[in-house]
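Asker: Take this structure first; my questions come after.
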Amino acid sequence: MRIDSMTYFNSGLVGMQDNQAAIARLNQQIATGQKLLAPKDDPLATEKVLGLSNRVAVRTQFSSNQDRASLALKYENTVLTEMDKTLTSARSLIAGLSPSHDASLLNVHAQQLEGYARNLLSLANTRDPSGNYIFGGFDTVNAPYTNPLDGSATSTTYGGTPLTPTVTAPDGQTAPGGSRWMEIDVGRYIQTNDNLDSVFQSGVANNDLLQELDDAVAKLAGPTITQAEIDGLVTLIDTAIGNLERVNHRVSAAYGEVADVQDTTNTLLLQERNALGDLQQVDQAAAIVELQNRQTTLQAAMQAYAKTASLSLFNYLG
């Protein structure tokens, strides 16, 4: 079949224009590092990119929540551990006392016990790194526990979120009022704070721990303390330590649960980000090689086109 000159030249011109467009696109891909410059480049890949991007965004938010929950639980665990040490030291001090001890010795012990009581109150009013009180429920601005600890045996005042009625998390978990939850995965919530009601207010016969310690300080300094009062205070502290251990056990279990979820999230997030990168990022080396090949091909085609276009029948006459 015979092809006329105009058709030949037009097809050659179109081929060069297509090659120029491909070179321009390769240059842009190399400059931006992006394989997909517009949805029309690859609609199927674009759809996958959008889906993966949404999943990465959601998982990244959960990862952030997990970090915050982990930090809150770890911080609370540290405070509870220090509180346990203080209570244990106070118990050892009191258990070793006797009303028959010298008054000056009892006075020294009174000063030590007052220090333990003040440390417990300070720990109960701990603030997190952001300055929020951690044991006051939703009230993170005002100190949750107040007691003068001046020897007057004043009852402790709790000014945080009321513990009743109970609150329920979106997944059905219940806890005392003021308990906060954080969603660490789809439909998975973790309690990130506690109150110290069981430690300070629910001892033997609902005695007030700080009030009893303050009363003991005054009686030791008197000295007017009795063996029965010493024994009762030891029992009260034992109950407080047991309740504190239960709170700390909940915190440790929650911390471990968050750590497990973090491992899974980080693994999936890495895989999804790598997959997203494979879809979005251009292979620089391959793109450069293709660019060089197309430039060489285009240059050869332009030279051939120019020579062919300049040919004339008169070049071959006479």
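Lettering and numbering for the structure tokens are positional, with chains as A, B, ... in the shown order, residues counted from 1 in each chain, and ligands counted from 1 in the shown order.
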Apply DSSP to the backbone of this structure and, from region 20-204 of chain A, keep only the residues in strand (DSSP E); write these as a ChimeraX atom specification.

Answerer: /A:145-146,157-158,167-168,174-175,181-185,188-191

Asker: Within 12 Å of region 70-76 of chain A, which residues of region 220-281 of chain A show up? Give each one with its shortest atom-to-atom distance in Å (one decimal) and the two atoms involved, counting only C-alpha atoms, rows by chain then rising residue number, as CSV.

Answerer:
residue,atom,partner,partner_atom,distance
A:Leu244,CA,A:Glu76,CA,11.8
A:Val247,CA,A:Glu76,CA,10.0
A:Asn248,CA,A:Glu76,CA,8.4
A:His249,CA,A:Leu73,CA,11.2
A:Arg250,CA,A:Leu73,CA,9.8
A:Val251,CA,A:Leu73,CA,6.1
A:Ser252,CA,A:Leu73,CA,7.6
A:Ala253,CA,A:Leu73,CA,9.7
A:Ala254,CA,A:Leu73,CA,7.5
A:Tyr255,CA,A:Leu73,CA,5.9
A:Gly256,CA,A:Ser70,CA,8.8
A:Glu257,CA,A:Ser70,CA,9.4
A:Val258,CA,A:Ser70,CA,6.4
A:Ala259,CA,A:Ser70,CA,7.4
A:Asp260,CA,A:Ser70,CA,10.9
A:Val261,CA,A:Ser70,CA,10.6
A:Gln262,CA,A:Ser70,CA,9.3

Asker: Would you work out the distance separating CA of Ser63 (chain A) from CA of Arg246 (chain A), expressed in Å to one decimal?

Answerer: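 Spanning CA of Ser63 (chain A) to CA of Arg246 (chain A) is a straight-line distance of 27.7 Å.
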
Asker: Report, in Å with one decimal, the straight-line distance from CA of Asp263 (chain A) to CA of Glu47 (chain A).

Answerer: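 These atoms are spaced 28.0 Å apart.
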
Asker: Got a sec: who's within 7 Å of region 192-201 of chain A, counting only C-alpha atoms, leaving out chain neighbours fewer than 6 positions off, as a list in words?

Answerer: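 Listing them by chain and then by number gives Ala69, Ala72, Leu73, Ile134, Phe135, Gly136, Gly137, Ser179, Arg180, Trp181, Met182, Asn207, Asp208, Leu209, Leu210, Ala240, Asn243 and Leu244 of chain A.
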